[in-house]
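Structure below is query.txt: compact mmCIF, N, CA and C atoms and all ligand atoms.
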```txt
# COMPACT_ATOMS: atom_id res chain seq x y z
N MET A 26 -8.95 -5.59 -10.99
CA MET A 26 -10.39 -5.68 -10.92
C MET A 26 -11.02 -4.30 -11.15
N LYS A 27 -12.02 -4.25 -12.00
CA LYS A 27 -12.77 -3.01 -12.19
C LYS A 27 -13.91 -2.98 -11.18
N LEU A 28 -14.12 -1.81 -10.60
CA LEU A 28 -15.22 -1.65 -9.67
C LEU A 28 -16.18 -0.64 -10.26
N SER A 29 -17.43 -1.07 -10.44
CA SER A 29 -18.43 -0.17 -11.00
C SER A 29 -18.99 0.75 -9.92
N LEU A 30 -19.03 2.03 -10.23
CA LEU A 30 -19.58 3.00 -9.28
C LEU A 30 -20.92 3.56 -9.76
N ARG A 31 -21.48 2.88 -10.78
CA ARG A 31 -22.72 3.35 -11.39
C ARG A 31 -23.80 3.61 -10.34
N GLU A 32 -23.87 2.71 -9.36
CA GLU A 32 -24.93 2.78 -8.35
C GLU A 32 -24.80 4.00 -7.43
N ILE A 33 -23.58 4.51 -7.29
CA ILE A 33 -23.38 5.53 -6.24
C ILE A 33 -22.99 6.91 -6.78
N ILE A 34 -22.64 6.97 -8.08
CA ILE A 34 -22.11 8.21 -8.63
C ILE A 34 -23.04 9.39 -8.45
N GLU A 35 -24.34 9.15 -8.55
CA GLU A 35 -25.30 10.26 -8.48
C GLU A 35 -26.02 10.34 -7.13
N ILE A 36 -25.63 9.48 -6.19
CA ILE A 36 -26.45 9.38 -4.97
C ILE A 36 -25.61 9.64 -3.72
N PRO A 37 -25.58 10.89 -3.25
CA PRO A 37 -24.86 11.21 -2.01
C PRO A 37 -25.32 10.31 -0.87
N GLY A 38 -24.36 9.83 -0.07
CA GLY A 38 -24.70 8.97 1.05
C GLY A 38 -24.60 7.50 0.74
N SER A 39 -24.53 7.15 -0.56
CA SER A 39 -24.46 5.72 -0.90
C SER A 39 -23.00 5.27 -0.98
N GLY A 40 -22.80 3.96 -0.95
CA GLY A 40 -21.44 3.44 -1.00
C GLY A 40 -21.41 2.03 -1.53
N VAL A 41 -20.21 1.59 -1.92
CA VAL A 41 -20.05 0.22 -2.38
C VAL A 41 -18.79 -0.35 -1.73
N ASP A 42 -18.91 -1.55 -1.15
CA ASP A 42 -17.78 -2.19 -0.47
C ASP A 42 -16.91 -2.94 -1.46
N PHE A 43 -15.62 -3.07 -1.12
CA PHE A 43 -14.77 -3.95 -1.92
C PHE A 43 -13.91 -4.80 -1.01
N SER A 44 -13.47 -5.91 -1.53
CA SER A 44 -12.62 -6.84 -0.79
C SER A 44 -11.90 -7.66 -1.84
N CYS A 45 -10.58 -7.60 -1.86
CA CYS A 45 -9.84 -8.33 -2.90
C CYS A 45 -8.39 -8.54 -2.49
N GLU A 46 -7.72 -9.42 -3.22
CA GLU A 46 -6.30 -9.64 -3.00
C GLU A 46 -5.52 -8.96 -4.11
N LEU A 47 -4.35 -8.42 -3.78
CA LEU A 47 -3.50 -7.80 -4.79
C LEU A 47 -2.50 -8.83 -5.31
N GLY A 48 -2.29 -8.80 -6.63
CA GLY A 48 -1.20 -9.59 -7.20
C GLY A 48 0.11 -8.95 -6.79
N THR A 49 1.13 -9.75 -6.49
CA THR A 49 2.38 -9.17 -5.99
C THR A 49 3.46 -9.05 -7.07
N GLU A 50 3.14 -9.43 -8.32
CA GLU A 50 4.15 -9.39 -9.39
C GLU A 50 4.73 -7.98 -9.55
N ASP A 51 3.87 -6.97 -9.44
CA ASP A 51 4.33 -5.59 -9.65
C ASP A 51 4.68 -4.90 -8.34
N LEU A 52 4.72 -5.66 -7.27
CA LEU A 52 4.97 -5.06 -5.95
C LEU A 52 6.28 -5.59 -5.38
N ALA A 53 7.30 -5.63 -6.21
CA ALA A 53 8.61 -6.12 -5.77
C ALA A 53 9.44 -4.96 -5.22
N PHE A 54 10.08 -5.18 -4.09
CA PHE A 54 10.97 -4.20 -3.50
C PHE A 54 12.25 -4.91 -3.09
N PRO A 55 13.40 -4.23 -3.20
CA PRO A 55 14.67 -4.90 -2.88
C PRO A 55 14.69 -5.49 -1.48
N SER A 56 13.97 -4.85 -0.54
CA SER A 56 14.03 -5.30 0.85
C SER A 56 12.99 -6.37 1.19
N ILE A 57 12.13 -6.69 0.24
CA ILE A 57 11.13 -7.74 0.49
C ILE A 57 11.59 -9.04 -0.16
N VAL A 58 11.85 -10.01 0.70
CA VAL A 58 12.27 -11.32 0.18
C VAL A 58 11.07 -12.00 -0.47
N ARG A 59 9.96 -12.03 0.27
CA ARG A 59 8.72 -12.50 -0.32
C ARG A 59 7.52 -12.13 0.54
N TYR A 60 6.37 -12.25 -0.08
CA TYR A 60 5.12 -12.01 0.64
C TYR A 60 4.69 -13.32 1.29
N LEU A 61 4.51 -13.30 2.61
CA LEU A 61 4.08 -14.50 3.32
C LEU A 61 2.59 -14.69 3.17
N SER A 62 1.88 -13.60 2.95
CA SER A 62 0.46 -13.70 2.62
C SER A 62 0.16 -12.62 1.59
N ALA A 63 -0.70 -12.92 0.63
CA ALA A 63 -1.04 -11.95 -0.41
C ALA A 63 -1.66 -10.73 0.25
N PRO A 64 -1.28 -9.52 -0.20
CA PRO A 64 -1.88 -8.31 0.36
C PRO A 64 -3.40 -8.34 0.15
N ARG A 65 -4.14 -8.16 1.22
CA ARG A 65 -5.60 -8.25 1.16
C ARG A 65 -6.19 -6.87 1.45
N ALA A 66 -6.99 -6.38 0.53
CA ALA A 66 -7.58 -5.05 0.66
C ALA A 66 -9.05 -5.16 1.02
N GLU A 67 -9.47 -4.35 1.96
CA GLU A 67 -10.89 -4.26 2.33
C GLU A 67 -11.23 -2.78 2.46
N GLY A 68 -12.38 -2.40 1.98
CA GLY A 68 -12.76 -1.01 2.14
C GLY A 68 -14.06 -0.69 1.46
N ARG A 69 -14.21 0.60 1.20
CA ARG A 69 -15.49 1.09 0.71
C ARG A 69 -15.25 2.35 -0.11
N VAL A 70 -15.96 2.46 -1.21
CA VAL A 70 -16.01 3.72 -1.95
C VAL A 70 -17.38 4.31 -1.69
N TYR A 71 -17.40 5.57 -1.27
CA TYR A 71 -18.70 6.16 -0.95
C TYR A 71 -18.80 7.58 -1.48
N ASN A 72 -20.01 7.99 -1.64
CA ASN A 72 -20.33 9.31 -2.17
C ASN A 72 -20.64 10.22 -0.99
N GLU A 73 -19.68 11.13 -0.72
CA GLU A 73 -19.86 12.04 0.40
C GLU A 73 -20.21 13.41 -0.16
N ALA A 74 -21.46 13.75 -0.12
CA ALA A 74 -21.93 15.04 -0.64
C ALA A 74 -21.44 15.29 -2.06
N GLY A 75 -21.46 14.25 -2.87
CA GLY A 75 -21.09 14.41 -4.27
C GLY A 75 -19.62 14.12 -4.57
N VAL A 76 -18.79 13.93 -3.52
CA VAL A 76 -17.37 13.60 -3.72
C VAL A 76 -17.19 12.10 -3.48
N LEU A 77 -16.52 11.44 -4.43
CA LEU A 77 -16.29 10.00 -4.29
C LEU A 77 -15.00 9.76 -3.52
N ARG A 78 -15.11 9.11 -2.37
CA ARG A 78 -13.95 8.81 -1.55
C ARG A 78 -13.77 7.32 -1.39
N LEU A 79 -12.49 6.91 -1.34
CA LEU A 79 -12.17 5.51 -1.09
C LEU A 79 -11.46 5.43 0.25
N ARG A 80 -11.93 4.53 1.10
CA ARG A 80 -11.31 4.33 2.41
C ARG A 80 -11.18 2.84 2.66
N GLY A 81 -10.18 2.48 3.46
CA GLY A 81 -10.03 1.08 3.81
C GLY A 81 -8.60 0.80 4.21
N GLU A 82 -8.20 -0.46 4.11
CA GLU A 82 -6.81 -0.79 4.42
C GLU A 82 -6.38 -2.04 3.67
N ILE A 83 -5.06 -2.17 3.54
CA ILE A 83 -4.46 -3.37 2.96
C ILE A 83 -3.60 -4.00 4.05
N ARG A 84 -3.78 -5.30 4.24
CA ARG A 84 -2.96 -6.01 5.24
C ARG A 84 -2.15 -7.09 4.53
N THR A 85 -0.91 -7.22 4.96
CA THR A 85 -0.09 -8.29 4.42
C THR A 85 0.99 -8.66 5.42
N GLU A 86 1.60 -9.84 5.20
CA GLU A 86 2.74 -10.26 6.01
C GLU A 86 3.92 -10.45 5.09
N LEU A 87 5.07 -9.97 5.54
CA LEU A 87 6.25 -9.92 4.68
C LEU A 87 7.43 -10.62 5.32
N LEU A 88 8.27 -11.21 4.46
CA LEU A 88 9.60 -11.62 4.88
C LEU A 88 10.55 -10.59 4.27
N CYS A 89 11.23 -9.84 5.14
CA CYS A 89 12.06 -8.71 4.68
C CYS A 89 13.52 -8.94 5.00
N LEU A 90 14.35 -8.11 4.35
CA LEU A 90 15.77 -8.03 4.69
C LEU A 90 16.00 -6.72 5.42
N CYS A 91 16.67 -6.81 6.57
CA CYS A 91 16.96 -5.59 7.32
C CYS A 91 17.97 -4.74 6.54
N ASP A 92 17.66 -3.45 6.41
CA ASP A 92 18.55 -2.55 5.67
C ASP A 92 19.87 -2.32 6.39
N ARG A 93 19.91 -2.58 7.69
CA ARG A 93 21.15 -2.34 8.43
C ARG A 93 21.99 -3.58 8.64
N CYS A 94 21.35 -4.68 9.04
CA CYS A 94 22.16 -5.86 9.40
C CYS A 94 21.96 -7.00 8.41
N ALA A 95 21.08 -6.83 7.42
CA ALA A 95 20.89 -7.80 6.33
C ALA A 95 20.32 -9.13 6.79
N SER A 96 19.82 -9.21 8.03
CA SER A 96 19.17 -10.46 8.42
C SER A 96 17.70 -10.43 8.00
N GLU A 97 17.14 -11.63 7.84
CA GLU A 97 15.75 -11.72 7.43
C GLU A 97 14.84 -11.61 8.65
N PHE A 98 13.70 -10.99 8.47
CA PHE A 98 12.74 -10.93 9.56
C PHE A 98 11.33 -10.85 8.98
N GLU A 99 10.38 -11.30 9.79
CA GLU A 99 8.98 -11.28 9.37
C GLU A 99 8.30 -10.07 9.97
N THR A 100 7.40 -9.47 9.22
CA THR A 100 6.66 -8.34 9.75
C THR A 100 5.27 -8.28 9.14
N ALA A 101 4.34 -7.74 9.90
CA ALA A 101 2.98 -7.52 9.38
C ALA A 101 2.86 -6.06 9.02
N LYS A 102 2.23 -5.79 7.90
CA LYS A 102 2.11 -4.41 7.46
C LYS A 102 0.65 -4.07 7.17
N THR A 103 0.23 -2.93 7.66
CA THR A 103 -1.11 -2.42 7.34
C THR A 103 -0.97 -1.08 6.64
N THR A 104 -1.55 -0.98 5.45
CA THR A 104 -1.52 0.27 4.69
C THR A 104 -2.89 0.91 4.76
N PRO A 105 -3.00 2.09 5.37
CA PRO A 105 -4.29 2.77 5.37
C PRO A 105 -4.60 3.31 3.97
N LEU A 106 -5.84 3.20 3.55
CA LEU A 106 -6.23 3.66 2.22
C LEU A 106 -7.10 4.89 2.33
N SER A 107 -6.73 5.91 1.56
CA SER A 107 -7.54 7.13 1.52
C SER A 107 -7.31 7.78 0.17
N ALA A 108 -8.35 7.93 -0.60
CA ALA A 108 -8.20 8.51 -1.93
C ALA A 108 -9.49 9.21 -2.34
N VAL A 109 -9.33 10.15 -3.24
CA VAL A 109 -10.48 10.84 -3.82
C VAL A 109 -10.52 10.50 -5.30
N ILE A 110 -11.71 10.17 -5.79
CA ILE A 110 -11.88 9.75 -7.18
C ILE A 110 -12.73 10.79 -7.90
N VAL A 111 -12.21 11.28 -9.01
CA VAL A 111 -12.92 12.33 -9.75
C VAL A 111 -12.93 12.01 -11.24
N GLU A 112 -13.71 12.75 -11.94
CA GLU A 112 -13.70 12.68 -13.39
C GLU A 112 -12.51 13.50 -13.89
N LYS A 113 -11.78 12.93 -14.84
CA LYS A 113 -10.59 13.63 -15.33
C LYS A 113 -10.99 14.83 -16.18
N ASN A 114 -10.27 15.96 -15.97
CA ASN A 114 -10.44 17.08 -16.88
C ASN A 114 -9.08 17.75 -17.11
N ASP A 115 -9.04 18.82 -17.87
CA ASP A 115 -7.75 19.44 -18.22
C ASP A 115 -7.03 20.00 -17.00
N ASP A 116 -7.78 20.38 -15.97
CA ASP A 116 -7.16 21.03 -14.81
C ASP A 116 -6.57 20.05 -13.81
N ASN A 117 -7.16 18.86 -13.71
CA ASN A 117 -6.74 17.97 -12.63
C ASN A 117 -5.90 16.78 -13.10
N ALA A 118 -5.65 16.69 -14.41
CA ALA A 118 -5.03 15.48 -14.97
C ALA A 118 -3.66 15.18 -14.36
N ASP A 119 -2.94 16.21 -13.89
CA ASP A 119 -1.60 15.99 -13.35
C ASP A 119 -1.55 15.93 -11.84
N ASP A 120 -2.71 15.99 -11.19
CA ASP A 120 -2.73 16.01 -9.73
C ASP A 120 -2.46 14.61 -9.18
N PRO A 121 -1.31 14.42 -8.49
CA PRO A 121 -0.95 13.08 -8.02
C PRO A 121 -1.83 12.61 -6.86
N GLU A 122 -2.60 13.51 -6.29
CA GLU A 122 -3.45 13.14 -5.15
C GLU A 122 -4.76 12.49 -5.59
N LEU A 123 -5.06 12.60 -6.88
CA LEU A 123 -6.37 12.17 -7.36
C LEU A 123 -6.29 10.88 -8.16
N PHE A 124 -7.40 10.16 -8.14
CA PHE A 124 -7.56 9.01 -9.02
C PHE A 124 -8.78 9.28 -9.90
N PHE A 125 -8.78 8.65 -11.08
CA PHE A 125 -9.77 9.05 -12.08
C PHE A 125 -10.75 7.95 -12.43
N LEU A 126 -11.96 8.39 -12.68
CA LEU A 126 -13.00 7.49 -13.16
C LEU A 126 -12.71 7.10 -14.60
N ASP A 127 -13.06 5.88 -14.92
CA ASP A 127 -13.01 5.43 -16.30
C ASP A 127 -14.46 5.12 -16.66
N GLY A 128 -15.14 6.11 -17.25
CA GLY A 128 -16.59 5.98 -17.41
C GLY A 128 -17.22 6.03 -16.03
N ASP A 129 -17.96 4.99 -15.66
CA ASP A 129 -18.49 4.95 -14.29
C ASP A 129 -17.80 3.84 -13.47
N GLU A 130 -16.56 3.49 -13.91
CA GLU A 130 -15.80 2.47 -13.20
C GLU A 130 -14.48 3.06 -12.69
N ILE A 131 -13.86 2.33 -11.75
CA ILE A 131 -12.47 2.61 -11.42
C ILE A 131 -11.67 1.33 -11.57
N ASP A 132 -10.37 1.50 -11.84
CA ASP A 132 -9.46 0.36 -11.89
C ASP A 132 -8.94 0.15 -10.47
N LEU A 133 -9.65 -0.70 -9.72
CA LEU A 133 -9.36 -0.86 -8.30
C LEU A 133 -7.93 -1.37 -8.08
N ASP A 134 -7.48 -2.33 -8.87
CA ASP A 134 -6.13 -2.88 -8.71
C ASP A 134 -5.08 -1.78 -8.80
N GLU A 135 -5.26 -0.91 -9.80
CA GLU A 135 -4.26 0.13 -10.01
C GLU A 135 -4.25 1.11 -8.83
N ILE A 136 -5.42 1.50 -8.36
CA ILE A 136 -5.48 2.43 -7.23
C ILE A 136 -4.86 1.80 -5.98
N LEU A 137 -5.20 0.55 -5.72
CA LEU A 137 -4.70 -0.10 -4.51
C LEU A 137 -3.19 -0.30 -4.58
N SER A 138 -2.69 -0.72 -5.75
CA SER A 138 -1.24 -0.91 -5.90
C SER A 138 -0.50 0.40 -5.70
N THR A 139 -1.04 1.47 -6.29
CA THR A 139 -0.39 2.78 -6.17
C THR A 139 -0.33 3.22 -4.71
N LEU A 140 -1.43 3.08 -3.99
CA LEU A 140 -1.45 3.50 -2.59
C LEU A 140 -0.51 2.64 -1.75
N PHE A 141 -0.45 1.35 -2.09
CA PHE A 141 0.44 0.43 -1.36
C PHE A 141 1.90 0.83 -1.57
N ILE A 142 2.26 1.14 -2.82
CA ILE A 142 3.64 1.50 -3.14
C ILE A 142 4.02 2.83 -2.49
N LEU A 143 3.10 3.80 -2.54
CA LEU A 143 3.37 5.10 -1.93
C LEU A 143 3.62 4.99 -0.43
N ASP A 144 2.97 4.02 0.19
CA ASP A 144 3.06 3.88 1.64
C ASP A 144 4.24 3.00 2.07
N MET A 145 4.90 2.37 1.09
CA MET A 145 5.95 1.41 1.43
C MET A 145 7.07 2.11 2.21
N ASP A 146 7.43 1.55 3.33
CA ASP A 146 8.48 2.17 4.16
C ASP A 146 9.77 2.30 3.38
N SER A 147 10.45 3.43 3.54
CA SER A 147 11.71 3.58 2.85
C SER A 147 12.79 2.76 3.55
N LYS A 148 12.62 2.53 4.86
CA LYS A 148 13.58 1.72 5.61
C LYS A 148 12.91 0.48 6.15
N PHE A 149 13.56 -0.66 5.98
CA PHE A 149 13.10 -1.89 6.60
C PHE A 149 14.11 -2.27 7.67
N LEU A 150 13.70 -2.20 8.92
CA LEU A 150 14.62 -2.56 10.00
C LEU A 150 14.05 -3.73 10.78
N CYS A 151 14.95 -4.68 11.15
CA CYS A 151 14.50 -5.86 11.89
C CYS A 151 13.96 -5.46 13.24
N ARG A 152 14.49 -4.35 13.77
CA ARG A 152 13.93 -3.74 14.97
C ARG A 152 14.37 -2.30 15.00
N GLU A 153 13.63 -1.50 15.73
CA GLU A 153 13.84 -0.05 15.78
C GLU A 153 15.30 0.29 16.06
N ASP A 154 15.93 -0.43 16.99
CA ASP A 154 17.28 -0.08 17.43
C ASP A 154 18.32 -1.06 16.89
N CYS A 155 18.08 -1.58 15.69
CA CYS A 155 19.05 -2.51 15.09
C CYS A 155 20.43 -1.86 15.06
N ARG A 156 21.46 -2.61 15.54
CA ARG A 156 22.80 -2.04 15.60
C ARG A 156 23.58 -2.20 14.30
N GLY A 157 23.06 -3.02 13.41
CA GLY A 157 23.71 -3.15 12.11
C GLY A 157 24.99 -3.96 12.17
N LEU A 158 25.80 -3.82 11.14
CA LEU A 158 27.04 -4.59 11.02
C LEU A 158 28.23 -3.70 11.33
N CYS A 159 29.27 -4.29 11.93
CA CYS A 159 30.50 -3.54 12.15
C CYS A 159 31.10 -3.19 10.80
N PRO A 160 31.40 -1.90 10.58
CA PRO A 160 31.94 -1.50 9.27
C PRO A 160 33.33 -2.09 9.02
N LYS A 161 34.02 -2.52 10.07
CA LYS A 161 35.38 -3.08 9.89
C LYS A 161 35.34 -4.59 9.63
N CYS A 162 34.68 -5.33 10.56
CA CYS A 162 34.78 -6.79 10.45
C CYS A 162 33.49 -7.42 9.93
N GLY A 163 32.40 -6.62 9.85
CA GLY A 163 31.17 -7.16 9.29
C GLY A 163 30.35 -7.99 10.23
N ARG A 164 30.76 -8.08 11.51
CA ARG A 164 29.97 -8.86 12.45
C ARG A 164 28.63 -8.18 12.72
N ASN A 165 27.59 -9.01 12.89
CA ASN A 165 26.27 -8.50 13.26
C ASN A 165 26.30 -8.07 14.73
N LEU A 166 26.23 -6.77 14.96
CA LEU A 166 26.42 -6.24 16.31
C LEU A 166 25.20 -6.48 17.21
N ASN A 167 24.09 -6.97 16.63
CA ASN A 167 22.95 -7.36 17.47
C ASN A 167 23.31 -8.61 18.28
N LEU A 168 24.32 -9.34 17.82
CA LEU A 168 24.69 -10.60 18.47
C LEU A 168 25.77 -10.37 19.52
N GLY A 169 26.19 -9.11 19.68
CA GLY A 169 27.22 -8.82 20.68
C GLY A 169 28.34 -8.01 20.06
N PRO A 170 29.20 -7.42 20.91
CA PRO A 170 30.29 -6.59 20.38
C PRO A 170 31.32 -7.45 19.65
N CYS A 171 32.07 -6.82 18.77
CA CYS A 171 32.97 -7.60 17.92
C CYS A 171 34.43 -7.54 18.35
N GLY A 172 34.79 -6.55 19.18
CA GLY A 172 36.18 -6.50 19.64
C GLY A 172 37.09 -5.68 18.75
N CYS A 173 36.55 -5.05 17.75
CA CYS A 173 37.37 -4.17 16.91
C CYS A 173 37.82 -2.95 17.72
ZN ZN B 201 18.74 -5.44 11.57
ZN ZN B 202 34.21 -5.33 14.18
```
Would you mind writing the file out in structure tokens?
Amino acid sequence: MKLSLREIIEIPGSGVDFSCELGTEDLAFPSIVRYLSAPRAEGRVYNEAGVLRLRGEIRTELLCLCDRCASEFETAKTTPLSAVIVEKNDDNADDPELFFLDGDEIDLDEILSTLFILDMDSKFLCREDCRGLCPKCGRNLNLGPCGC
């Protein structure tokens, strides 16, 4: 979805709200079995003293595979959104912290997907203290000791 910022680009203090769902086709991760609910983004782009900032959050529910014990578990995930949007020039084109205007619009889907991916946990654990699998017999040690 393109979001027009025409109304706020020149007006410090103004803002525009957004609310949308993200397509999950490009948001596949080995540890995510499937999305139980489409990631839903809510937030606002506002002009803070001439700087365009995006704030908000993405919420979704996931069916994941535990990286340690390989069992499936459900989890809710909230991704905080924070970004600065600027006009592209020769000096800032490679800055990974920035997102760029396309005329007076932004590609909201691309910004939201990028922030979602950057925030994706590197580890998916069914619980903080998951004991994982016995390296010898493969038993799930969350279910009790294996006797090895
Ligand atoms: Zn586990
Ligand atoms: Zn064992």
(request) Determine the nearest neighbour of Gly40 (chain A) from the options A:Glu135, A:Asp154, A:Glu73, A:Glu97, counting all atoms listed in the file. (result)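 The answer is A:Glu73, which sits nearest to Gly40 (chain A).
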(request) From chain A, collect each residue whose DSSP state is helix (DSSP H, G or I) and return the set as a list in words. (result)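 So the helix (DSSP H, G or I) residues in chain A would be Leu133, Asp134, Glu135, Ile136, Leu137, Ser138, Thr139, Leu140, Phe141, Ile142, Leu143, Asp144, Leu166, Asn167 and Leu168 of chain A.
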(request) Return as JSON, numbers by chain the residues of protein, DNA or RNA that approach ligand ZN 202 (chain B) to within 6 Å, with all atoms listed in the file taken into account. (result) {"A": [159, 160, 161, 162, 163, 164, 171, 172, 173]}
(request) Check every protein, DNA and RNA residue against ligand ZN 201 (chain B), keep those with an atom at most 8 Å away (counting only N, CA and C atoms and all ligand atoms), and present them as an MDAnalysis selection string. (result) chainID A and resid 90:97 149:158 167
Written file, previous selection with N, CA and C atoms, as a short mmCIF file (atom, residue, chain, number, x, y, z; two decimals), in the frame of the given file:
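Now in part28.cif:
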```
data_model
loop_
_atom_site.label_atom_id
_atom_site.label_comp_id
_atom_site.auth_asym_id
_atom_site.auth_seq_id
_atom_site.Cartn_x
_atom_site.Cartn_y
_atom_site.Cartn_z
N LEU A 90 14.35 -8.11 4.35
CA LEU A 90 15.77 -8.03 4.69
C LEU A 90 16.00 -6.72 5.42
N CYS A 91 16.67 -6.81 6.57
CA CYS A 91 16.96 -5.59 7.32
C CYS A 91 17.97 -4.74 6.54
N ASP A 92 17.66 -3.45 6.41
CA ASP A 92 18.55 -2.55 5.67
C ASP A 92 19.87 -2.32 6.39
N ARG A 93 19.91 -2.58 7.69
CA ARG A 93 21.15 -2.34 8.43
C ARG A 93 21.99 -3.58 8.64
N CYS A 94 21.35 -4.68 9.04
CA CYS A 94 22.16 -5.86 9.40
C CYS A 94 21.96 -7.00 8.41
N ALA A 95 21.08 -6.83 7.42
CA ALA A 95 20.89 -7.80 6.33
C ALA A 95 20.32 -9.13 6.79
N SER A 96 19.82 -9.21 8.03
CA SER A 96 19.17 -10.46 8.42
C SER A 96 17.70 -10.43 8.00
N GLU A 97 17.14 -11.63 7.84
CA GLU A 97 15.75 -11.72 7.43
C GLU A 97 14.84 -11.61 8.65
N PHE A 149 13.56 -0.66 5.98
CA PHE A 149 13.10 -1.89 6.60
C PHE A 149 14.11 -2.27 7.67
N LEU A 150 13.70 -2.20 8.92
CA LEU A 150 14.62 -2.56 10.00
C LEU A 150 14.05 -3.73 10.78
N CYS A 151 14.95 -4.68 11.15
CA CYS A 151 14.50 -5.86 11.89
C CYS A 151 13.96 -5.46 13.24
N ARG A 152 14.49 -4.35 13.77
CA ARG A 152 13.93 -3.74 14.97
C ARG A 152 14.37 -2.30 15.00
N GLU A 153 13.63 -1.50 15.73
CA GLU A 153 13.84 -0.05 15.78
C GLU A 153 15.30 0.29 16.06
N ASP A 154 15.93 -0.43 16.99
CA ASP A 154 17.28 -0.08 17.43
C ASP A 154 18.32 -1.06 16.89
N CYS A 155 18.08 -1.58 15.69
CA CYS A 155 19.05 -2.51 15.09
C CYS A 155 20.43 -1.86 15.06
N ARG A 156 21.46 -2.61 15.54
CA ARG A 156 22.80 -2.04 15.60
C ARG A 156 23.58 -2.20 14.30
N GLY A 157 23.06 -3.02 13.41
CA GLY A 157 23.71 -3.15 12.11
C GLY A 157 24.99 -3.96 12.17
N LEU A 158 25.80 -3.82 11.14
CA LEU A 158 27.04 -4.59 11.02
C LEU A 158 28.23 -3.70 11.33
N ASN A 167 24.09 -6.97 16.63
CA ASN A 167 22.95 -7.36 17.47
C ASN A 167 23.31 -8.61 18.28
#
```
(request) May I ask for the distance between CA of Gly68 (chain A) and CA of Arg84 (chain A), given in Å to one decimal place? (result)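 Value for the CA of Gly68 (chain A)-CA of Arg84 (chain A) distance: 11.4 Å.
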(message) So, with only C-alpha atoms as the atoms that count, which of A:Glu35, A:Ser138, A:Lys148, A:Glu112 lies closest to Gly48 (chain A)?
(response) A:Ser138
(message) Using all atoms listed in the file, can you tell me which of A:Leu140, A:Leu166, A:Leu52, A:Leu133 comes closest to Lys27 (chain A)?
(response)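 Using all atoms listed in the file, Lys27 (chain A) sits closest to A:Leu133.
Taking only N, CA and C atoms, the non-local environment of Ile57 (chain A) within 6.5 Å (same-chain residues fewer than 3 positions away omitted) comprises A:Ala53, A:Phe54, A:Tyr60, A:Leu88, A:Cys89, A:Leu90.
In this structure, CA of Asn114 (chain A) sits 15.2 Å away from atom N of Glu130 (chain A).
Taking CA of Ile142 (chain A) as the reference point, CA of Asp119 (chain A) is found at 18.5 Å.
You can rank A:Ala63, A:Met145, A:Ala101, A:Ile34 by their closest distance to Leu47 (chain A) using all atoms listed in the file, and at the top of that list sits A:Ala63.
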(request) Name the residues of chain A that fall into strand (DSSP E or B) according to DSSP on the backbone, using the chain letters and numbers of this document, as a VMD selection string. (result) chain A and resid 27 to 29 40 to 46 57 to 73 76 to 90 97 to 111 123 to 125 127 130 to 132 158 165
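Closest approach to Gly38 (chain A) from the set A:Asp51, A:Gly75, A:Leu61, A:Lys102 is made by A:Gly75, with distances taken over all atoms listed in the file.
Considering the residues A:Leu126, A:Leu106, A:Val111, A:Val76 and counting all atoms listed in the file, Phe141 (chain A) has its shortest atom-to-atom contact with A:Leu106.
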(message) List the spatial neighbours of Asn72 (chain A) as a ChimeraX atom specification - criterion: any atom at most 12 Å away, only C-alpha atoms, same-chain residues fewer than 6 positions off excluded.
(response) /A:30-42,78-80,109-111
(request) For Gly81 (chain A), work out the shell of residues within 7 Å, counting all atoms listed in the file and skipping chain neighbours fewer than 2 positions away, then give it as a PyMOL selection string. (result) chain A and resi 66-69+79+83+104-107
